file coords.cif (mmCIF, C-alpha atoms)
data_structure
loop_
_atom_site.label_atom_id
_atom_site.label_comp_id
_atom_site.auth_asym_id
_atom_site.auth_seq_id
_atom_site.Cartn_x
_atom_site.Cartn_y
_atom_site.Cartn_z
CA MET H 1 -95.62 163.80 19.45
CA ARG H 2 -93.97 163.44 16.08
CA ASN H 3 -96.48 161.08 14.58
CA PRO H 4 -99.10 162.82 12.42
CA ALA H 5 -101.58 159.93 12.61
CA LEU H 6 -101.54 160.02 16.40
CA LYS H 7 -101.94 163.79 16.35
CA ALA H 8 -105.03 163.41 14.19
CA LEU H 9 -106.49 160.78 16.50
CA LEU H 10 -105.88 162.94 19.56
CA ALA H 11 -107.41 165.96 17.83
CA MET H 12 -110.50 163.92 17.00
CA ALA H 13 -110.82 162.73 20.56
CA VAL H 14 -110.36 166.22 22.00
CA ALA H 15 -113.07 167.48 19.64
CA GLY H 16 -115.31 164.83 21.10
CA LEU H 17 -115.00 166.47 24.52
CA PHE H 18 -117.83 168.71 23.40
CA ALA H 19 -119.96 165.90 22.07
CA GLY H 20 -121.97 165.43 25.26
CA PRO H 21 -121.63 163.94 28.71
CA PRO H 22 -120.01 160.52 28.54
CA ALA H 23 -121.95 158.95 31.34
CA ALA H 24 -125.32 159.51 29.66
CA ARG H 25 -125.32 156.19 27.81
CA ALA H 26 -124.31 154.27 30.85
CA GLN H 27 -126.94 155.90 33.00
CA ASP H 28 -129.65 155.23 30.45
CA ALA H 29 -128.67 151.63 30.20
CA ALA H 30 -128.53 151.27 33.94
CA SER H 31 -132.08 152.45 34.42
CA PRO H 32 -134.71 149.77 34.99
CA ALA H 33 -135.37 147.93 31.77
CA ALA H 34 -138.66 146.67 30.44
CA THR H 35 -139.54 143.22 31.62
CA GLY H 36 -140.63 141.97 28.20
CA PRO H 37 -143.46 139.56 27.58
CA ALA H 38 -145.56 138.28 30.42
CA PRO H 39 -144.28 135.07 31.97
CA ALA H 40 -145.95 131.71 31.74
CA PRO H 41 -148.70 131.27 34.33
CA THR H 42 -146.63 128.79 36.30
CA ALA H 43 -143.69 131.17 36.79
CA ALA H 44 -143.40 134.22 39.00
CA THR H 45 -141.58 137.31 37.68
CA VAL H 46 -139.61 139.95 39.53
CA PRO H 47 -139.06 143.26 37.65
CA VAL H 48 -135.61 143.95 36.19
CA GLN H 49 -133.55 146.46 38.12
CA LEU H 50 -129.88 146.73 37.24
CA PRO H 51 -127.86 147.63 40.31
CA ALA H 52 -125.71 150.76 40.21
CA GLU H 53 -122.08 149.94 39.57
CA HIS H 54 -119.42 150.84 42.10
CA SER H 55 -116.65 153.20 41.05
CA TRP H 56 -114.06 150.78 42.38
CA ARG H 57 -113.46 147.33 40.99
CA LEU H 58 -111.24 145.25 43.22
CA GLY H 59 -110.40 141.64 42.71
CA VAL H 60 -107.73 139.04 43.18
CA ALA H 61 -107.09 135.69 41.55
CA LEU H 62 -105.01 132.98 43.19
CA GLY H 63 -103.87 129.95 41.29
CA TYR H 64 -101.15 128.77 39.03
CA GLY H 65 -100.10 129.98 35.64
CA SER H 66 -97.13 130.85 33.56
CA ARG H 67 -96.22 133.02 30.61
CA THR H 68 -93.36 132.05 28.35
CA ASN H 69 -90.60 134.55 27.81
CA PRO H 70 -89.40 134.79 24.19
CA LEU H 71 -86.19 136.54 25.22
CA ILE H 72 -82.98 134.50 25.18
CA GLN H 73 -81.58 133.44 28.54
CA SER H 74 -84.65 134.43 30.42
CA ASP H 75 -87.11 132.75 32.73
CA ASP H 76 -90.78 132.28 32.12
CA ILE H 77 -93.01 134.57 34.09
CA PRO H 78 -94.91 132.71 36.83
CA VAL H 79 -98.40 133.88 37.65
CA LEU H 80 -99.61 132.90 41.09
CA VAL H 81 -101.49 136.02 42.11
CA ASP H 82 -103.27 138.43 39.85
CA VAL H 83 -104.64 141.63 41.34
CA ASP H 84 -107.35 143.64 39.62
CA ILE H 85 -107.59 147.30 40.69
CA ALA H 86 -109.68 149.71 38.72
CA TRP H 87 -111.57 152.91 39.38
CA PHE H 88 -114.10 154.47 37.01
CA GLY H 89 -115.22 158.07 37.36
CA LYS H 90 -117.46 160.05 35.07
CA ARG H 91 -114.58 160.82 32.71
CA TRP H 92 -111.34 159.79 34.38
CA PHE H 93 -110.50 156.19 35.10
CA PHE H 94 -107.69 153.97 36.24
CA ASP H 95 -107.55 150.39 35.08
CA ASN H 96 -104.67 148.23 36.26
CA GLY H 97 -101.96 150.74 35.45
CA ASP H 98 -103.70 152.40 32.52
CA ILE H 99 -104.93 155.94 33.11
CA GLY H 100 -107.70 157.18 30.89
CA PHE H 101 -109.89 160.15 30.17
CA THR H 102 -113.18 159.50 28.38
CA ALA H 103 -113.46 162.09 25.65
CA VAL H 104 -116.42 160.67 23.76
CA ASP H 105 -119.08 158.23 24.86
CA ASN H 106 -122.16 157.66 22.77
CA ARG H 107 -124.26 154.73 21.66
CA PHE H 108 -121.78 153.88 18.90
CA PHE H 109 -118.41 153.98 20.65
CA THR H 110 -116.37 155.21 23.60
CA ALA H 111 -113.11 157.08 22.91
CA ASN H 112 -110.53 157.42 25.66
CA LEU H 113 -107.30 159.37 25.84
CA MET H 114 -104.88 157.01 27.51
CA ALA H 115 -101.52 156.78 29.20
CA ARG H 116 -99.86 153.47 29.91
CA VAL H 117 -96.54 151.70 30.34
CA ASN H 118 -95.29 149.60 27.45
CA SER H 119 -95.62 145.88 28.12
CA ASP H 120 -92.60 144.64 26.09
CA ARG H 121 -90.32 145.69 28.92
CA ALA H 122 -91.83 143.01 31.18
CA PHE H 123 -89.80 140.32 29.40
CA PHE H 124 -86.47 141.97 30.26
CA SER H 125 -86.85 141.58 34.02
CA LYS H 126 -85.92 137.92 34.38
CA THR H 127 -82.70 137.44 32.44
CA ASN H 128 -79.55 135.43 33.09
CA THR H 129 -75.92 135.69 32.05
CA LYS H 130 -74.49 132.65 30.28
CA TYR H 131 -71.00 131.85 29.09
CA VAL H 132 -71.16 130.70 25.49
CA THR H 133 -68.93 129.71 22.60
CA PHE H 134 -71.60 130.19 19.95
CA ALA H 135 -73.35 133.16 18.43
CA ARG H 136 -77.06 133.79 18.70
CA ALA H 137 -79.17 133.73 15.56
CA GLY H 138 -82.87 134.50 15.46
CA GLY H 139 -85.57 132.07 16.55
CA GLY H 140 -83.38 130.21 19.02
CA ALA H 141 -80.87 129.06 16.41
CA THR H 142 -77.12 129.33 17.02
CA LEU H 143 -74.13 129.86 14.75
CA PRO H 144 -70.42 129.19 15.21
CA ALA H 145 -68.72 132.14 16.90
CA PHE H 146 -65.30 133.43 15.96
CA ASP H 147 -62.70 135.31 17.95
CA VAL H 148 -60.82 138.39 16.84
CA THR H 149 -58.31 136.29 14.88
CA GLY H 150 -61.12 134.73 12.84
CA GLY H 151 -60.68 131.34 14.43
CA PRO H 152 -63.43 129.41 16.22
CA LEU H 153 -64.22 130.75 19.65
CA THR H 154 -62.88 128.31 22.23
CA GLN H 155 -63.02 130.31 25.46
CA PRO H 156 -66.61 130.95 26.64
CA VAL H 157 -67.58 134.60 26.77
CA PRO H 158 -70.39 136.12 28.81
CA LEU H 159 -73.68 136.78 27.06
CA LYS H 160 -76.42 138.68 28.80
CA PRO H 161 -79.55 140.14 27.22
CA PRO H 162 -79.28 143.93 27.16
CA LYS H 163 -81.21 146.18 29.52
CA ARG H 164 -84.31 147.97 28.36
CA ASP H 165 -86.31 150.73 30.04
CA TYR H 166 -90.01 151.12 30.64
CA ALA H 167 -91.60 153.52 28.18
CA VAL H 168 -94.60 155.66 29.00
CA GLU H 169 -96.97 155.81 26.07
CA ALA H 170 -99.93 158.06 25.35
CA GLY H 171 -102.63 157.43 22.84
CA VAL H 172 -106.21 156.92 21.94
CA GLU H 173 -108.42 153.93 22.52
CA VAL H 174 -111.81 153.44 20.93
CA LEU H 175 -114.16 150.86 22.43
CA PHE H 176 -117.13 149.32 20.66
CA GLY H 177 -119.55 146.96 22.27
CA GLY H 178 -122.88 145.32 21.79
CA GLU H 179 -124.56 141.97 21.71
CA TRP H 180 -122.15 141.08 18.90
CA GLY H 181 -119.19 141.35 21.29
CA ASN H 182 -116.54 143.90 22.20
CA ALA H 183 -113.95 145.42 19.89
CA THR H 184 -111.11 147.81 20.62
CA LEU H 185 -108.89 149.99 18.44
CA ARG H 186 -105.79 151.44 20.01
CA GLY H 187 -102.96 153.72 18.95
CA PHE H 188 -100.10 154.57 21.32
CA HIS H 189 -96.94 156.63 20.95
CA ASP H 190 -93.95 156.87 23.24
CA VAL H 191 -93.92 160.12 25.22
CA SER H 192 -90.94 159.28 27.41
CA ASP H 193 -88.18 159.47 24.79
CA LYS H 194 -87.40 155.80 25.14
CA HIS H 195 -88.30 154.01 21.90
CA GLU H 196 -89.95 157.03 20.21
CA GLY H 197 -92.10 154.63 18.23
CA TYR H 198 -95.75 153.71 18.10
CA GLU H 199 -98.05 150.73 18.26
CA VAL H 200 -101.50 150.25 16.74
CA SER H 201 -103.74 147.35 17.68
CA ALA H 202 -107.22 145.95 17.23
CA ASP H 203 -108.91 143.19 19.13
CA TYR H 204 -112.25 141.49 19.34
CA ALA H 205 -113.84 139.39 22.06
CA TYR H 206 -117.13 137.61 22.35
CA ARG H 207 -118.50 136.17 25.56
CA TRP H 208 -120.95 133.30 25.71
CA THR H 209 -122.69 132.81 29.02
CA ARG H 210 -124.73 129.72 29.69
CA GLY H 211 -125.85 129.16 33.24
CA ARG H 212 -122.83 129.75 35.45
CA LEU H 213 -120.29 129.20 32.69
CA SER H 214 -118.83 132.04 30.67
CA VAL H 215 -116.48 131.43 27.73
CA SER H 216 -114.80 134.28 25.93
CA PRO H 217 -112.58 133.77 22.87
CA THR H 218 -110.47 136.75 21.83
CA VAL H 219 -108.44 137.60 18.75
CA GLY H 220 -106.24 140.59 18.09
CA VAL H 221 -103.59 142.05 15.82
CA THR H 222 -100.85 144.51 16.74
CA TYR H 223 -98.59 146.58 14.54
CA LYS H 224 -95.36 147.76 16.14
CA ASN H 225 -93.33 150.20 14.12
CA SER H 226 -89.60 149.90 13.50
CA LYS H 227 -88.54 152.29 16.27
CA LEU H 228 -90.46 150.44 18.95
CA SER H 229 -89.42 147.02 17.61
CA ASP H 230 -85.79 148.08 17.37
CA TYR H 231 -85.61 149.61 20.83
CA TYR H 232 -86.81 146.48 22.61
CA TRP H 233 -85.82 143.68 20.26
CA GLY H 234 -82.91 145.05 18.25
CA VAL H 235 -79.23 144.57 19.05
CA HIS H 236 -77.71 148.04 19.07
CA PRO H 237 -74.11 148.88 18.12
CA GLY H 238 -72.97 149.19 21.73
CA GLU H 239 -74.47 145.81 22.60
CA ALA H 240 -73.22 143.77 19.64
CA SER H 241 -70.37 141.30 20.08
CA ASN H 242 -68.95 138.25 18.37
CA VAL H 243 -71.69 136.17 20.01
CA LEU H 244 -74.54 138.67 19.56
CA PHE H 245 -74.75 140.28 16.16
CA GLU H 246 -76.07 143.75 15.54
CA TYR H 247 -79.68 143.60 14.40
CA HIS H 248 -82.38 146.14 13.59
CA PRO H 249 -85.90 144.78 13.14
CA ASP H 250 -88.38 146.57 10.95
CA GLY H 251 -91.97 147.19 11.93
CA GLY H 252 -94.51 144.43 11.52
CA LEU H 253 -97.76 142.79 12.42
CA GLY H 254 -98.23 140.23 15.17
CA TRP H 255 -101.40 138.48 16.25
CA GLU H 256 -102.85 136.77 19.27
CA ALA H 257 -105.73 134.53 20.22
CA GLY H 258 -107.01 133.57 23.60
CA LEU H 259 -109.72 131.83 25.51
CA HIS H 260 -110.93 133.03 28.89
CA THR H 261 -113.33 130.90 30.86
CA ASN H 262 -115.09 131.63 34.12
CA TYR H 263 -117.29 129.35 36.14
CA TYR H 264 -119.17 131.37 38.73
CA LEU H 265 -119.35 129.57 42.05
CA THR H 266 -120.97 132.44 43.93
CA LYS H 267 -121.64 136.08 43.18
CA ASN H 268 -118.08 136.94 44.24
CA VAL H 269 -116.06 133.79 43.62
CA ARG H 270 -115.31 132.13 40.33
CA LEU H 271 -113.09 129.49 38.88
CA ALA H 272 -111.00 131.11 36.17
CA LEU H 273 -109.18 129.38 33.32
CA SER H 274 -107.30 131.34 30.70
CA ALA H 275 -104.97 130.61 27.82
CA ASN H 276 -103.43 133.05 25.38
CA TYR H 277 -101.15 132.60 22.39
CA GLU H 278 -99.32 135.57 20.91
CA ARG H 279 -97.36 135.30 17.69
CA LEU H 280 -94.53 137.81 17.50
CA GLN H 281 -94.15 139.84 14.35
CA HIS H 282 -91.68 138.38 11.89
CA ASP H 283 -88.79 140.79 12.38
CA ILE H 284 -88.96 140.56 16.15
CA ALA H 285 -89.03 136.75 15.93
CA GLN H 286 -85.85 136.88 13.82
CA SER H 287 -83.94 138.91 16.39
CA PRO H 288 -80.86 137.31 17.99
CA LEU H 289 -82.47 138.30 21.30
CA VAL H 290 -85.44 136.05 20.66
CA ASP H 291 -85.58 132.34 21.37
CA GLN H 292 -89.21 131.67 20.51
CA ASP H 293 -91.47 133.37 18.00
CA TYR H 294 -94.46 133.18 20.33
CA VAL H 295 -95.62 133.91 23.84
CA PHE H 296 -97.94 131.38 25.41
CA GLY H 297 -99.59 131.85 28.72
CA TYR H 298 -102.12 130.08 30.84
CA PHE H 299 -103.67 130.48 34.25
CA ALA H 300 -106.03 128.41 36.37
CA GLY H 301 -107.27 129.54 39.71
CA PHE H 302 -109.96 131.11 41.80
CA GLY H 303 -110.96 134.70 41.40
CA TRP H 304 -112.57 136.90 44.02
CA GLN H 305 -114.33 140.09 43.05
CA PHE H 306 -114.91 142.32 46.05
CA MET J 1 -85.59 120.22 54.76
CA ALA J 2 -87.92 118.20 52.57
CA VAL J 3 -89.06 116.17 55.58
CA LEU J 4 -89.74 119.37 57.51
CA LYS J 5 -91.80 120.76 54.64
CA LEU J 6 -93.73 117.49 54.47
CA ARG J 7 -94.42 117.63 58.20
CA ILE J 8 -95.63 121.21 57.99
CA PHE J 9 -97.86 120.30 55.04
CA ALA J 10 -99.25 117.27 56.90
CA THR J 11 -99.91 119.36 60.01
CA CYS J 12 -101.74 121.94 57.93
CA CYS J 13 -103.84 119.19 56.35
CA VAL J 14 -104.75 117.77 59.76
CA LEU J 15 -105.64 121.24 61.10
CA ALA J 16 -107.71 121.98 58.04
CA ALA J 17 -109.57 118.71 58.43
CA LEU J 18 -110.25 119.14 62.17
CA PRO J 19 -113.51 121.07 61.92
CA THR J 20 -115.04 118.24 59.91
CA PHE J 21 -114.64 115.92 62.90
CA ALA J 22 -116.07 118.37 65.39
CA PRO J 23 -119.71 117.58 66.17
CA ALA J 24 -121.81 120.30 64.55
CA ALA J 25 -125.08 121.09 66.22
CA ASP J 26 -127.94 120.72 63.75
CA PRO J 27 -129.91 123.92 63.37
CA PRO J 28 -133.55 123.48 64.42
CA VAL J 29 -134.75 124.22 60.88
CA ARG J 30 -132.66 123.79 57.77
CA LEU J 31 -133.59 125.15 54.34
CA ILE J 32 -131.70 124.03 51.23
CA VAL J 33 -132.28 125.65 47.85
CA LYS J 34 -130.62 124.84 44.54
CA PRO J 35 -129.50 126.62 42.43
CA LEU J 36 -128.37 129.75 44.26
CA LEU J 37 -127.02 131.94 41.48
CA CYS J 38 -128.39 133.54 38.33
CA VAL J 39 -125.72 134.85 35.93
CA LEU J 40 -126.86 137.52 33.47
CA ASP J 41 -124.90 138.68 30.45
CA LYS J 42 -125.58 141.02 27.53
CA GLY J 43 -129.14 140.97 26.29
CA ALA J 44 -130.38 138.89 29.19
CA THR J 45 -132.80 140.46 31.63
CA SER J 46 -133.59 137.35 33.61
CA CYS J 47 -132.73 133.71 34.19
CA THR J 48 -135.31 130.98 33.78
CA MET J 49 -134.66 128.75 36.75
CA THR J 50 -136.29 125.79 38.42
CA PHE J 51 -135.62 125.87 42.14
CA ASP J 52 -135.49 122.76 44.21
CA VAL J 53 -136.46 123.84 47.72
CA ARG J 54 -136.13 121.38 50.62
CA TRP J 55 -136.46 121.92 54.34
CA LYS J 56 -136.05 119.81 57.45
CA SER J 57 -136.80 120.47 61.09
CA VAL J 58 -136.04 118.64 64.31
CA LEU J 59 -139.57 119.41 65.49
CA ALA J 60 -142.70 118.48 63.63
CA ALA J 61 -144.93 121.54 63.37
CA GLU J 62 -146.70 123.71 60.85
CA TYR J 63 -144.27 125.59 58.60
CA CYS J 64 -144.78 127.96 55.69
CA LEU J 65 -142.39 128.65 52.82
CA HIS J 66 -142.21 132.18 51.44
CA ASP J 67 -140.37 134.03 48.73
CA GLY J 68 -139.93 137.69 47.86
CA ALA J 69 -142.36 137.74 44.95
CA GLN J 70 -145.61 137.67 46.89
CA PRO J 71 -146.80 138.31 50.45
CA ALA J 72 -148.70 135.04 50.72
CA PRO J 73 -146.76 131.86 51.47
CA LEU J 74 -145.84 129.62 48.57
CA ARG J 75 -146.94 126.61 50.56
CA CYS J 76 -147.62 125.55 54.13
CA TRP J 77 -147.14 122.10 55.65
CA ALA J 78 -149.20 120.94 58.61
CA SER J 79 -147.47 118.97 61.35
CA ALA J 80 -144.45 118.09 59.24
CA ASN J 81 -140.72 117.95 59.91
CA ALA J 82 -139.68 118.00 56.25
CA GLY J 83 -140.95 119.18 52.93
CA ASP J 84 -139.95 120.04 49.43
CA LEU J 85 -141.16 122.15 46.56
CA GLN J 86 -140.11 122.80 43.01
CA GLN J 87 -140.69 126.24 41.59
CA ALA J 88 -140.00 127.55 38.09
CA ARG J 89 -139.54 131.28 37.87
CA GLN J 90 -137.88 134.11 36.03
CA VAL J 91 -135.19 135.72 38.17
CA SER J 92 -133.85 139.18 37.49
CA GLU J 93 -132.88 140.36 40.95
CA GLU J 94 -131.81 138.74 44.16
CA PHE J 95 -134.46 137.49 46.55
CA PHE J 96 -134.92 135.16 49.52
CA TYR J 97 -136.74 131.96 50.29
CA TRP J 98 -137.61 131.66 53.96
CA LEU J 99 -139.57 129.55 56.39
CA THR J 100 -141.92 130.81 59.07
CA GLU J 101 -144.33 129.37 61.52
CA PRO J 102 -147.86 130.27 60.43
CA ALA J 103 -148.56 132.37 63.47
CA GLY J 104 -145.42 134.46 63.35
CA ALA J 105 -143.73 136.60 60.77
CA GLN J 106 -140.30 135.77 62.14
CA ARG J 107 -138.04 134.03 59.64
CA LEU J 108 -136.84 130.72 61.06
CA THR J 109 -134.30 130.34 58.30
CA GLU J 110 -133.68 131.92 54.93
CA VAL J 111 -131.67 131.37 51.75
CA LYS J 112 -130.61 134.13 49.38
CA ILE J 113 -130.72 133.69 45.60
CA SER J 114 -128.07 135.98 44.07
CA VAL J 115 -127.97 137.61 40.67
CA LEU J 116 -124.67 138.45 39.04
CA ARG J 117 -124.44 140.73 36.00
CA VAL J 118 -121.21 140.00 34.16
CA ASP J 119 -121.69 142.69 31.54
CA SER J 120 -121.67 146.42 32.07
CA ALA J 121 -123.37 149.42 30.56
CA ASP J 122 -120.00 151.18 30.80
CA ARG J 123 -117.78 149.98 27.92
CA ARG J 124 -114.66 150.94 29.86
CA ARG J 125 -115.36 148.13 32.30
CA GLU J 126 -115.28 145.62 29.44
CA ARG J 127 -111.90 146.71 28.11
CA ARG J 128 -109.04 144.26 28.05
CA THR J 129 -106.24 145.57 30.17
CA ARG J 130 -102.56 145.42 29.44
CA HIS J 131 -102.23 143.18 32.44
CA VAL J 132 -99.94 140.20 32.28
CA TRP J 133 -103.15 138.36 33.06
CA ASP J 134 -106.68 139.33 32.44
CA VAL J 135 -108.53 136.61 34.23
CA LEU J 136 -111.05 138.49 36.29
#
call {"tool": "encode", "arguments": {"input": "coords.cif", "output": "structure tokens"}}
result
Amino acid sequence: MRNPALKALLAMAVAGLFAGPPAARAQDAASPAATGPAPAPTAATVPVQLPAEHSWRLGVALGYGSRTNPLIQSDDIPVLVDVDIAWFGKRWFFDNGDIGFTAVDNRFFTANLMARVNSDRAFFSKTNTKYVTFARAGGGATLPAFDVTGGPLTQPVPLKPPKRDYAVEAGVEVLFGGEWGNATLRGFHDVSDKHEGYEVSADYAYRWTRGRLSVSPTVGVTYKNSKLSDYYWGVHPGEASNVLFEYHPDGGLGWEAGLHTNYYLTKNVRLALSANYERLQHDIAQSPLVDQDYVFGYFAGFGWQF
Amino acid sequence: MAVLKLRIFATCCVLAALPTFAPAADPPVRLIVKPLLCVLDKGATSCTMTFDVRWKSVLAAEYCLHDGAQPAPLRCWASANAGDLQQARQVSEEFFYWLTEPAGAQRLTEVKISVLRVDSADRRRERRTRHVWDVL
């Protein structure tokens, strides 16, 4: 925990432990609401009663989708099945691999202390070795490669993207929500001595629901510092060769935008369509390990919520 | 190999289609209601819906249509084997339409109208996960 900003955030969140029971807001909101103005004489009205929410949220989506992989010599990530497993207790929760503890929950925001696994590592799972006679430059470009004598490289040499480890990160997440939409602020720091860096992000989503159709555009920005960027996307001294030059990206800001659409067929089944575009931060996009400066993903299928 | 896959696929298609050729016994009374689902999001406490209710029976008799909002029937038909009704209403929780014979309280057939809340009072349930996909 070498980052002072993260320390301050954690201290603030821990202080919030004494700010009152986190479930109070949720319970208040879940109580029966007022029915509002009297209906027209031709219509019958049944009083509003929000059902209690289950602790578990289990779902699965089956369909077809893909996520591009910006890493050189790598395969796109197919998405055929997507499983949703989450559990929400009064303070502790588990949400698809993220573990959280709700430190503060009031009518303005919800602050969670979080632990998660870094997602950059996912790109390094589907890589291939290729024999090349050129050197990798950033953004998918190539350069002439030279051998030890300084002459053009004529015999192909193996090039394989380097291995990277999963990093466990801890941090703070602050959630805001209302009729204006949902916003999230996040700050995470490596606690597993892998990249030893940090990431800060903000995102906003708004959901329109008309009849059975729900459309939710999202936008977000993410800052990854130089340590995190370098660990995953840099070319380190031991990995550099005459076809893969040493490279150390600086920190920077990336952004993403997405559109998530659901058409509810029944209470439990929906047709789901999603698309997401993520623009990598400049220094990561310039890495010799990177072929594309973006990640684009889409998915279309049926979702079941149990 | 490709031919084998094609055969397996074709067999699956035939098997999947089989039930549609099997003679299905008509139920004595059939009730059809549209729409069946009310989707509620933030700020919405109810859906304004117009229900199209239709029923058919193999036997002409007196039938009454009910819903969960009131004990009295919405409408009764004398010596009929079909009927329909349109009803506008505010829906905020699930309920049933059902048919009875006037003399008995037994439901001959029923249809459930479901309500789905897609928002949550718990902000944690609205968070975007670090999932590869966040489609649900």
call {"tool": "resolve_selection", "arguments": {"input": "coords.cif", "expression": "the PyMOL selection byres ((chain J) within 7 of (chain H))", "output": "list in words"}}
result
Leu37, Val39, Asp41, Lys42, Gly43, Thr45, Ala69, Ala88, Arg89, Gln90, Val91, Ser92, Glu93, Ser114, Val115, Leu116, Ala121, Asp122, Arg123, Thr129, His131, Trp133, Val135 and Leu136 of chain J
call {"tool": "resolve_selection", "arguments": {"input": "coords.cif", "expression": "the PyMOL selection byres ((chain H and resi 160) around 7)", "output": "list in words"}}
result
Asn128, Thr129, Lys130, Pro158, Leu159, Pro161 and Pro162 of chain H
call {"tool": "residues_near_point", "arguments": {"input": "coords.cif", "point": "(-136.3, 123.1, 43.8)", "cutoff": "9 Å", "atoms": "only C-alpha atoms", "output": "list of chain:residue names"}}
result
J:Ile32, J:Val33, J:Lys34, J:Pro35, J:Thr50, J:Phe51, J:Asp52, J:Val53, J:Arg54, J:Asp84, J:Leu85, J:Gln86, J:Gln87, J:Ala88
call {"tool": "resolve_selection", "arguments": {"input": "coords.cif", "expression": "the PyMOL selection byres ((chain H and resi 220) around 7)", "output": "MDAnalysis selection string"}}
result
chainID H and resid 202:204 218:219 221:222 255:257
call {"tool": "atom_distance", "arguments": {"input": "coords.cif", "atom1": "atom CA of Ser79 of chain J", "atom2": "atom CA of Trp55 of chain J"}}
result
13.4 Å
call {"tool": "residues_around", "arguments": {"input": "coords.cif", "residues": "Ala170 of chain H", "least_positions_apart": "3", "cutoff": "10 Å", "atoms": "only C-alpha atoms", "output": "list of chain:residue names"}}
result
H:Met1, H:Leu6, H:Leu10, H:Asp98, H:Ile99, H:Gly100, H:Leu113, H:Met114, H:Ala115, H:Arg116, H:Val117, H:Asn118, H:Ala167, H:Glu173, H:Gly187, H:Phe188, H:His189, H:Asp190, H:Val191, H:Ser192, H:Tyr198
call {"tool": "atom_distance", "arguments": {"input": "coords.cif", "atom1": "atom CA of Asp283 of chain H", "atom2": "atom CA of Leu259 of chain H"}}
result
26.3 Å
call {"tool": "residues_around", "arguments": {"input": "coords.cif", "residues": "Asp67 of chain J", "least_positions_apart": "3", "cutoff": "10 Å", "atoms": "all atoms listed in the file", "output": "PDB file with C-alpha atoms, in the coordinates of the input"}}
result
ATOM      1  CA  GLN J  70    -145.610 137.670  46.890  1.00  0.00           C
ATOM      2  CA  PRO J  71    -146.800 138.310  50.450  1.00  0.00           C
ATOM      3  CA  ALA J  72    -148.700 135.040  50.720  1.00  0.00           C
ATOM      4  CA  PRO J  73    -146.760 131.860  51.470  1.00  0.00           C
ATOM      5  CA  LEU J  74    -145.840 129.620  48.570  1.00  0.00           C
ATOM      6  CA  PHE J  95    -134.460 137.490  46.550  1.00  0.00           C
ATOM      7  CA  PHE J  96    -134.920 135.160  49.520  1.00  0.00           C
ATOM      8  CA  TYR J  97    -136.740 131.960  50.290  1.00  0.00           C
ATOM      9  CA  TRP J  98    -137.610 131.660  53.960  1.00  0.00           C
ATOM     10  CA  LEU J  99    -139.570 129.550  56.390  1.00  0.00           C
ATOM     11  CA  GLU J 110    -133.680 131.920  54.930  1.00  0.00           C
ATOM     12  CA  VAL J 111    -131.670 131.370  51.750  1.00  0.00           C
ATOM     13  CA  LYS J 112    -130.610 134.130  49.380  1.00  0.00           C
TER      14      LYS J 112
END
